[in-house]
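Participant: mmCIF, N, CA, C and O atoms, saved as target-v2.cif, coming up:
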data_model
#
loop_
_atom_site.label_atom_id
_atom_site.label_comp_id
_atom_site.auth_asym_id
_atom_site.auth_seq_id
_atom_site.Cartn_x
_atom_site.Cartn_y
_atom_site.Cartn_z
N MET A 1 90.44 193.61 57.90
CA MET A 1 89.22 194.36 57.65
C MET A 1 87.98 193.58 58.11
O MET A 1 87.10 194.13 58.73
N ASP A 2 87.93 192.29 57.80
CA ASP A 2 86.78 191.49 58.20
C ASP A 2 86.58 191.51 59.71
O ASP A 2 85.46 191.59 60.19
N ASP A 3 87.68 191.44 60.46
CA ASP A 3 87.57 191.43 61.92
C ASP A 3 86.96 192.73 62.44
O ASP A 3 86.18 192.71 63.39
N GLN A 4 87.30 193.84 61.82
CA GLN A 4 86.74 195.13 62.24
C GLN A 4 85.23 195.17 61.97
O GLN A 4 84.47 195.66 62.80
N ILE A 5 84.85 194.66 60.83
CA ILE A 5 83.42 194.63 60.49
C ILE A 5 82.68 193.71 61.45
O ILE A 5 81.60 194.05 61.93
N ILE A 6 83.25 192.55 61.71
CA ILE A 6 82.62 191.60 62.64
C ILE A 6 82.43 192.26 64.01
O ILE A 6 81.37 192.13 64.63
N GLU A 7 83.44 192.99 64.48
CA GLU A 7 83.32 193.65 65.79
C GLU A 7 82.22 194.71 65.78
O GLU A 7 81.46 194.83 66.74
N LYS A 8 82.11 195.47 64.69
CA LYS A 8 81.04 196.48 64.61
C LYS A 8 79.67 195.82 64.58
O LYS A 8 78.73 196.27 65.24
N LEU A 9 79.57 194.73 63.82
CA LEU A 9 78.29 194.01 63.77
C LEU A 9 77.98 193.36 65.12
O LEU A 9 76.82 193.34 65.55
N ALA A 10 78.99 192.84 65.80
CA ALA A 10 78.78 192.22 67.10
C ALA A 10 78.30 193.26 68.11
O ALA A 10 77.41 192.98 68.92
N CYS A 11 78.86 194.45 68.04
CA CYS A 11 78.41 195.53 68.92
C CYS A 11 76.94 195.84 68.64
O CYS A 11 76.15 196.01 69.58
N LEU A 12 76.58 195.90 67.38
CA LEU A 12 75.18 196.13 67.01
C LEU A 12 74.29 194.99 67.51
O LEU A 12 73.19 195.23 68.02
N GLU A 13 74.75 193.76 67.37
CA GLU A 13 73.99 192.62 67.89
C GLU A 13 73.74 192.78 69.39
O GLU A 13 72.65 192.50 69.87
N HIS A 14 74.75 193.23 70.11
CA HIS A 14 74.61 193.41 71.54
C HIS A 14 73.58 194.51 71.85
O HIS A 14 72.74 194.35 72.74
N ILE A 15 73.64 195.59 71.11
CA ILE A 15 72.67 196.68 71.30
C ILE A 15 71.26 196.18 71.03
O ILE A 15 70.32 196.48 71.78
N GLN A 16 71.09 195.41 69.97
CA GLN A 16 69.77 194.85 69.66
C GLN A 16 69.30 193.95 70.79
O GLN A 16 68.14 194.00 71.18
N TRP A 17 70.21 193.10 71.31
CA TRP A 17 69.84 192.22 72.41
C TRP A 17 69.45 193.04 73.63
O TRP A 17 68.45 192.73 74.29
N GLN A 18 70.22 194.09 73.94
CA GLN A 18 69.90 194.93 75.09
C GLN A 18 68.50 195.52 74.97
O GLN A 18 67.75 195.56 75.94
N GLU A 19 68.16 195.99 73.78
CA GLU A 19 66.83 196.58 73.59
C GLU A 19 65.74 195.53 73.75
O GLU A 19 64.72 195.77 74.40
N TRP A 20 65.95 194.35 73.17
CA TRP A 20 64.95 193.28 73.31
C TRP A 20 64.84 192.83 74.77
O TRP A 20 63.74 192.76 75.32
N ALA A 21 65.99 192.54 75.40
CA ALA A 21 65.97 192.05 76.78
C ALA A 21 65.37 193.10 77.71
O ALA A 21 64.60 192.76 78.61
N GLY A 22 65.70 194.35 77.47
CA GLY A 22 65.13 195.42 78.29
C GLY A 22 63.63 195.51 78.16
O GLY A 22 62.93 195.84 79.12
N SER A 23 63.12 195.20 76.97
CA SER A 23 61.68 195.30 76.75
C SER A 23 60.90 194.17 77.42
O SER A 23 59.72 194.34 77.73
N VAL A 24 61.53 193.03 77.67
CA VAL A 24 60.83 191.91 78.30
C VAL A 24 61.23 191.68 79.75
O VAL A 24 60.55 190.95 80.46
N TYR A 25 62.30 192.29 80.18
CA TYR A 25 62.85 192.04 81.52
C TYR A 25 61.82 192.27 82.63
O TYR A 25 61.61 191.41 83.48
N GLY A 26 61.20 193.43 82.64
CA GLY A 26 60.26 193.75 83.72
C GLY A 26 59.08 192.81 83.76
O GLY A 26 58.69 192.34 84.84
N ASP A 27 58.52 192.51 82.59
CA ASP A 27 57.38 191.59 82.55
C ASP A 27 57.78 190.19 83.00
O ASP A 27 57.05 189.54 83.75
N LEU A 28 58.93 189.73 82.55
CA LEU A 28 59.39 188.39 82.93
C LEU A 28 59.64 188.33 84.43
O LEU A 28 59.23 187.36 85.09
N ARG A 29 60.26 189.35 84.98
CA ARG A 29 60.52 189.39 86.42
C ARG A 29 59.21 189.34 87.20
O ARG A 29 59.07 188.59 88.17
N THR A 30 58.22 190.11 86.74
CA THR A 30 56.92 190.13 87.42
C THR A 30 56.23 188.78 87.33
O THR A 30 55.68 188.28 88.33
N LEU A 31 56.24 188.15 86.16
CA LEU A 31 55.63 186.83 86.02
C LEU A 31 56.29 185.80 86.93
O LEU A 31 55.61 184.98 87.55
N LEU A 32 57.59 185.84 87.01
CA LEU A 32 58.31 184.90 87.88
C LEU A 32 57.96 185.15 89.35
O LEU A 32 57.81 184.20 90.12
N GLU A 33 57.81 186.40 89.75
CA GLU A 33 57.41 186.71 91.12
C GLU A 33 56.01 186.18 91.41
O GLU A 33 55.76 185.62 92.48
N ILE A 34 55.11 186.35 90.45
CA ILE A 34 53.74 185.84 90.62
C ILE A 34 53.76 184.33 90.79
O ILE A 34 53.10 183.78 91.68
N ILE A 35 54.51 183.65 89.96
CA ILE A 35 54.60 182.19 90.06
C ILE A 35 55.20 181.80 91.40
O ILE A 35 54.68 180.92 92.10
N ASN A 36 56.28 182.45 91.76
CA ASN A 36 56.97 182.11 93.00
C ASN A 36 56.09 182.32 94.23
O ASN A 36 56.15 181.55 95.18
N GLU A 37 55.23 183.35 94.19
CA GLU A 37 54.36 183.65 95.32
C GLU A 37 53.10 182.80 95.36
O GLU A 37 52.49 182.65 96.41
N ASN A 38 52.69 182.24 94.23
CA ASN A 38 51.40 181.57 94.15
C ASN A 38 51.45 180.09 93.77
O ASN A 38 50.40 179.44 93.74
N VAL A 39 52.62 179.58 93.49
CA VAL A 39 52.74 178.20 93.05
C VAL A 39 53.78 177.51 93.94
O VAL A 39 54.85 178.06 94.18
N ASP A 40 53.45 176.34 94.40
CA ASP A 40 54.43 175.53 95.10
C ASP A 40 55.32 174.89 94.02
O ASP A 40 54.86 174.04 93.25
N LEU A 41 56.56 175.33 93.95
CA LEU A 41 57.45 174.84 92.90
C LEU A 41 57.65 173.34 92.96
O LEU A 41 57.96 172.71 91.95
N ASN A 42 57.44 172.75 94.12
CA ASN A 42 57.53 171.28 94.25
C ASN A 42 56.42 170.57 93.48
O ASN A 42 56.54 169.38 93.19
N ASP A 43 55.34 171.30 93.16
CA ASP A 43 54.24 170.71 92.41
C ASP A 43 54.48 170.72 90.90
O ASP A 43 53.72 170.11 90.16
N LEU A 44 55.49 171.43 90.45
CA LEU A 44 55.76 171.51 89.01
C LEU A 44 56.46 170.26 88.53
O LEU A 44 57.32 169.71 89.23
N ASP A 45 56.10 169.82 87.33
CA ASP A 45 56.84 168.70 86.76
C ASP A 45 58.23 169.22 86.36
O ASP A 45 58.49 170.42 86.33
N SER A 46 59.12 168.31 86.07
CA SER A 46 60.52 168.67 85.85
C SER A 46 60.71 169.64 84.68
O SER A 46 61.55 170.53 84.74
N ASP A 47 59.92 169.48 83.61
CA ASP A 47 60.04 170.38 82.46
C ASP A 47 59.65 171.81 82.83
O ASP A 47 60.34 172.76 82.46
N LYS A 48 58.54 171.95 83.56
CA LYS A 48 58.10 173.28 83.95
C LYS A 48 59.04 173.91 84.97
O LYS A 48 59.32 175.12 84.91
N LEU A 49 59.55 173.11 85.87
CA LEU A 49 60.51 173.62 86.85
C LEU A 49 61.78 174.09 86.15
O LEU A 49 62.34 175.13 86.49
N GLU A 50 62.21 173.34 85.15
CA GLU A 50 63.40 173.72 84.39
C GLU A 50 63.20 175.06 83.68
O GLU A 50 64.08 175.92 83.69
N ILE A 51 62.02 175.26 83.10
CA ILE A 51 61.71 176.54 82.44
C ILE A 51 61.70 177.67 83.46
O ILE A 51 62.25 178.75 83.21
N PHE A 52 61.09 177.43 84.60
CA PHE A 52 61.05 178.44 85.66
C PHE A 52 62.47 178.81 86.09
O PHE A 52 62.82 179.98 86.19
N GLU A 53 63.31 177.82 86.33
CA GLU A 53 64.67 178.06 86.80
C GLU A 53 65.51 178.75 85.73
O GLU A 53 66.30 179.66 86.03
N LYS A 54 65.34 178.35 84.47
CA LYS A 54 66.09 178.98 83.38
C LYS A 54 65.75 180.47 83.29
O LYS A 54 66.65 181.31 83.18
N ASN A 55 64.48 180.78 83.39
CA ASN A 55 64.08 182.17 83.30
C ASN A 55 64.42 182.96 84.56
O ASN A 55 64.71 184.16 84.49
N SER A 56 64.41 182.30 85.70
CA SER A 56 64.87 182.95 86.94
C SER A 56 66.34 183.34 86.82
O SER A 56 66.74 184.43 87.23
N ASN A 57 67.13 182.46 86.23
CA ASN A 57 68.54 182.77 86.02
C ASN A 57 68.72 183.92 85.04
O ASN A 57 69.60 184.76 85.21
N ARG A 58 67.89 183.96 84.01
CA ARG A 58 67.95 185.08 83.07
C ARG A 58 67.71 186.40 83.80
O ARG A 58 68.46 187.35 83.63
N VAL A 59 66.65 186.44 84.57
CA VAL A 59 66.30 187.67 85.29
C VAL A 59 67.44 188.07 86.22
O VAL A 59 67.74 189.25 86.39
N LYS A 60 68.08 187.08 86.82
CA LYS A 60 69.18 187.36 87.74
C LYS A 60 70.41 187.87 87.00
O LYS A 60 71.10 188.78 87.46
N ASN A 61 70.70 187.31 85.81
CA ASN A 61 71.95 187.60 85.10
C ASN A 61 71.86 188.74 84.10
O ASN A 61 72.88 189.36 83.80
N TRP A 62 70.70 189.01 83.55
CA TRP A 62 70.61 190.03 82.51
C TRP A 62 71.10 191.41 82.93
O TRP A 62 71.78 192.05 82.14
N PRO A 63 70.79 191.89 84.13
CA PRO A 63 71.25 193.25 84.46
C PRO A 63 72.76 193.44 84.33
O PRO A 63 73.22 194.50 83.89
N GLU A 64 73.53 192.42 84.67
CA GLU A 64 74.98 192.56 84.56
C GLU A 64 75.46 192.57 83.11
O GLU A 64 76.61 192.94 82.84
N LEU A 65 74.60 192.19 82.18
CA LEU A 65 74.96 192.21 80.76
C LEU A 65 74.48 193.48 80.06
O LEU A 65 74.76 193.68 78.88
N MET A 66 73.79 194.33 80.78
CA MET A 66 73.31 195.59 80.22
C MET A 66 74.42 196.64 80.28
O MET A 66 74.28 197.70 80.90
N ILE A 67 75.53 196.31 79.67
CA ILE A 67 76.70 197.17 79.64
C ILE A 67 77.15 197.32 78.19
O ILE A 67 76.68 196.59 77.31
N ASP A 68 78.06 198.24 77.96
CA ASP A 68 78.59 198.41 76.61
C ASP A 68 79.27 197.13 76.14
O ASP A 68 79.88 196.41 76.93
N TYR A 69 79.19 196.91 74.85
CA TYR A 69 79.82 195.74 74.24
C TYR A 69 81.30 195.66 74.63
O TYR A 69 81.81 194.60 74.97
N SER A 70 81.98 196.80 74.62
CA SER A 70 83.42 196.82 74.91
C SER A 70 83.73 196.34 76.34
O SER A 70 84.85 195.91 76.61
N ASP A 71 82.75 196.40 77.24
CA ASP A 71 82.96 195.99 78.62
C ASP A 71 82.58 194.53 78.88
O ASP A 71 82.76 194.04 80.00
N LEU A 72 82.06 193.84 77.89
CA LEU A 72 81.70 192.43 78.04
C LEU A 72 82.94 191.56 78.14
O LEU A 72 84.00 191.90 77.61
N SER A 73 82.78 190.40 78.75
CA SER A 73 83.86 189.42 78.75
C SER A 73 84.03 188.89 77.32
O SER A 73 83.12 189.00 76.48
N GLU A 74 85.17 188.31 77.04
CA GLU A 74 85.40 187.73 75.72
C GLU A 74 84.38 186.64 75.42
O GLU A 74 83.93 186.48 74.29
N GLU A 75 84.01 185.88 76.45
CA GLU A 75 83.02 184.81 76.27
C GLU A 75 81.68 185.39 75.79
O GLU A 75 81.05 184.86 74.88
N MET A 76 81.25 186.49 76.41
CA MET A 76 79.99 187.10 76.02
C MET A 76 80.11 187.79 74.66
O MET A 76 79.17 187.75 73.86
N LYS A 77 81.24 188.41 74.39
CA LYS A 77 81.44 189.02 73.07
C LYS A 77 81.33 187.97 71.98
O LYS A 77 80.79 188.22 70.91
N GLU A 78 81.86 186.79 72.26
CA GLU A 78 81.83 185.72 71.26
C GLU A 78 80.41 185.31 70.92
O GLU A 78 80.11 184.96 69.77
N LYS A 79 79.50 185.41 71.88
CA LYS A 79 78.10 185.10 71.59
C LYS A 79 77.52 186.10 70.60
O LYS A 79 76.74 185.74 69.71
N ASP A 80 77.88 187.37 70.72
CA ASP A 80 77.45 188.38 69.76
C ASP A 80 78.16 188.20 68.42
O ASP A 80 77.56 188.38 67.36
N ARG A 81 79.43 187.84 68.46
CA ARG A 81 80.19 187.63 67.22
C ARG A 81 79.60 186.48 66.40
O ARG A 81 79.66 186.50 65.17
N PHE A 82 79.07 185.47 67.08
CA PHE A 82 78.47 184.33 66.39
C PHE A 82 77.40 184.82 65.39
O PHE A 82 77.40 184.42 64.22
N TYR A 83 76.53 185.70 65.86
CA TYR A 83 75.48 186.23 64.98
C TYR A 83 76.02 187.28 64.03
O TYR A 83 75.55 187.40 62.90
N ALA A 84 77.01 188.01 64.45
CA ALA A 84 77.63 189.00 63.56
C ALA A 84 78.24 188.31 62.34
O ALA A 84 78.11 188.80 61.22
N ARG A 85 78.87 187.17 62.56
CA ARG A 85 79.44 186.42 61.43
C ARG A 85 78.36 185.96 60.47
O ARG A 85 78.56 185.96 59.25
N LYS A 86 77.22 185.55 60.99
CA LYS A 86 76.12 185.13 60.13
C LYS A 86 75.64 186.30 59.26
O LYS A 86 75.42 186.14 58.06
N VAL A 87 75.47 187.46 59.88
CA VAL A 87 75.04 188.66 59.14
C VAL A 87 76.09 189.01 58.09
O VAL A 87 75.76 189.30 56.94
N TYR A 88 77.35 188.98 58.50
CA TYR A 88 78.43 189.32 57.58
C TYR A 88 78.46 188.38 56.38
O TYR A 88 78.62 188.84 55.24
N GLU A 89 78.31 187.09 56.61
CA GLU A 89 78.32 186.12 55.49
C GLU A 89 77.16 186.38 54.53
O GLU A 89 77.33 186.29 53.31
N ILE A 90 75.99 186.69 55.05
CA ILE A 90 74.85 187.00 54.19
C ILE A 90 75.15 188.23 53.35
O ILE A 90 74.92 188.25 52.14
N CYS A 91 75.68 189.26 53.98
CA CYS A 91 76.00 190.50 53.27
C CYS A 91 77.07 190.26 52.21
O CYS A 91 76.98 190.79 51.11
N LYS A 92 78.08 189.49 52.55
CA LYS A 92 79.14 189.19 51.57
C LYS A 92 78.57 188.50 50.35
O LYS A 92 78.91 188.85 49.21
N LYS A 93 77.71 187.54 50.56
CA LYS A 93 77.13 186.80 49.44
C LYS A 93 76.24 187.69 48.59
O LYS A 93 76.21 187.58 47.37
N GLU A 94 75.50 188.57 49.22
CA GLU A 94 74.55 189.43 48.52
C GLU A 94 75.21 190.59 47.79
O GLU A 94 74.74 191.01 46.75
N PHE A 95 76.28 191.13 48.36
CA PHE A 95 76.80 192.39 47.84
C PHE A 95 78.19 192.31 47.21
O PHE A 95 78.73 193.32 46.81
N GLU A 96 78.76 191.13 47.14
CA GLU A 96 80.08 191.02 46.47
C GLU A 96 79.92 190.58 45.05
O GLU A 96 79.00 190.01 44.62
#
Go ahead and express the file in the form of structure tokens.
Facilitator:
Amino acid sequence: MDDQIIEKLACLEHIQWQEWAGSVYGDLRTLLEIINENVDLNDLDSDKLEIFEKNSNRVKNWPELMIDYSDLSEEMKEKDRFYARKVYEICKKEFE
């Protein structure tokens, strides 16, 4: 029973992530384009370059994750399950 609940909560976590990521995706992509067109990346210190690259990778990878939870790889499902377990533990403590 717990596994079924965890899977339902993980699916919900994924839906929440999709809504959040979808709401920031366009703005983040635009900001990265502005930076890329107007800043010489060689002038950035290593911390700023790392942030730029991390967010560039997000913009590149997020569209492929905008799929149903059931279609995610097990590795990606496990990321949602991590938070689902946290929610489940809180609910168990509060309502049992």
Participant: Tell me, counting only C-alpha atoms, for each residue of region 6-62 of chain A within 12 Å of region 71-76 of chain A, which pair of atoms is nearest and how far apart they are in Å to one decimal, in rows ordered by chain and increasing number, as CSV.
Facilitator:
residue,atom,partner,partner_atom,distance
A:Glu7,CA,A:Glu74,CA,11.7
A:Ala10,CA,A:Met76,CA,10.4
A:Cys11,CA,A:Leu72,CA,10.2
A:Glu13,CA,A:Met76,CA,11.5
A:His14,CA,A:Met76,CA,9.4
A:Trp17,CA,A:Met76,CA,11.9
A:Trp62,CA,A:Met76,CA,11.8
Participant: Which residue out of A:Glu33, A:Glu78, A:Ala84, A:Leu28 has the minimum interatomic distance to Leu12 (chain A) when all atoms listed in the file are used?
Facilitator: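 Distance minimum relative to Leu12 (chain A) lands on A:Ala84.
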Participant: Mind giving me the straight-line distance from CA of Gly26 (chain A) to CA of Phe82 (chain A) in Å, one decimal?
Facilitator: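 The value is 26.8 Å.
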Participant: How many Å separate atom N of Lys77 (chain A) from atom O of Lys54 (chain A)?
Facilitator: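 One can read the atom N of Lys77 (chain A) to atom O of Lys54 (chain A) distance as 18.5 Å.
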Participant: Using all atoms listed in the file, pick whichever of A:Thr30, A:Val87, A:Leu65, A:Lys93 has the shortest atom-to-atom distance to Gln18 (chain A).
Facilitator: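 Smallest separation from Gln18 (chain A) among the options: A:Leu65.
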Participant: Please return, as a ChimeraX atom specification, all residues of chain A that DSSP assigns to alpha helix (DSSP H) on the basis of the backbone.
Facilitator: /A:2-38,46-65,74-95
Participant: Go through A:Glu53, A:Asp68, A:Asp43, A:Asp2 and flag the residue nearest Ile15 (chain A), using all atoms listed in the file for the distances.
Facilitator: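 Smallest distance to Ile15 (chain A) is found for A:Asp68.
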Participant: Could you check the closest approach to Ile34 (chain A) for each of A:Ile5, A:Gln16, A:Phe52, A:Ile67 and tell me which residue wins, using only C-alpha atoms?
Facilitator: A:Phe52
Participant: Please indicate the distance in Å from atom N of Glu89 (chain A) to atom N of Tyr25 (chain A), rounded to one decimal place.
Facilitator: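 We find that atom N of Glu89 (chain A) and atom N of Tyr25 (chain A) lie 29.0 Å from each other.
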Participant: Which is closest to Asn61 (chain A) among A:Asp45, A:Ala21, A:Asp3, A:Lys79, if we use only C-alpha atoms?
Facilitator: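 Closest residue, counting only C-alpha atoms: A:Ala21.
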Participant: Let me make sure I understand: among A:Ile35, A:Glu94, A:Arg85, A:Asp47, which one has the smallest atom-to-atom distance to Gln4 (chain A) if we use only C-alpha atoms?
Facilitator: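 Ranking A:Ile35, A:Glu94, A:Arg85, A:Asp47 by distance to Gln4 (chain A), first place goes to A:Arg85.
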Participant: Axis-aligned box over every listed atom of region 67-74 of chain A, padded by 6 Å per side: centre and edges in Å to one decimal, as JSON?
Facilitator:
{"center_x": 80.5, "center_y": 192.4, "center_z": 77.1, "size_x": 21.9, "size_y": 23.9, "size_z": 17.8}
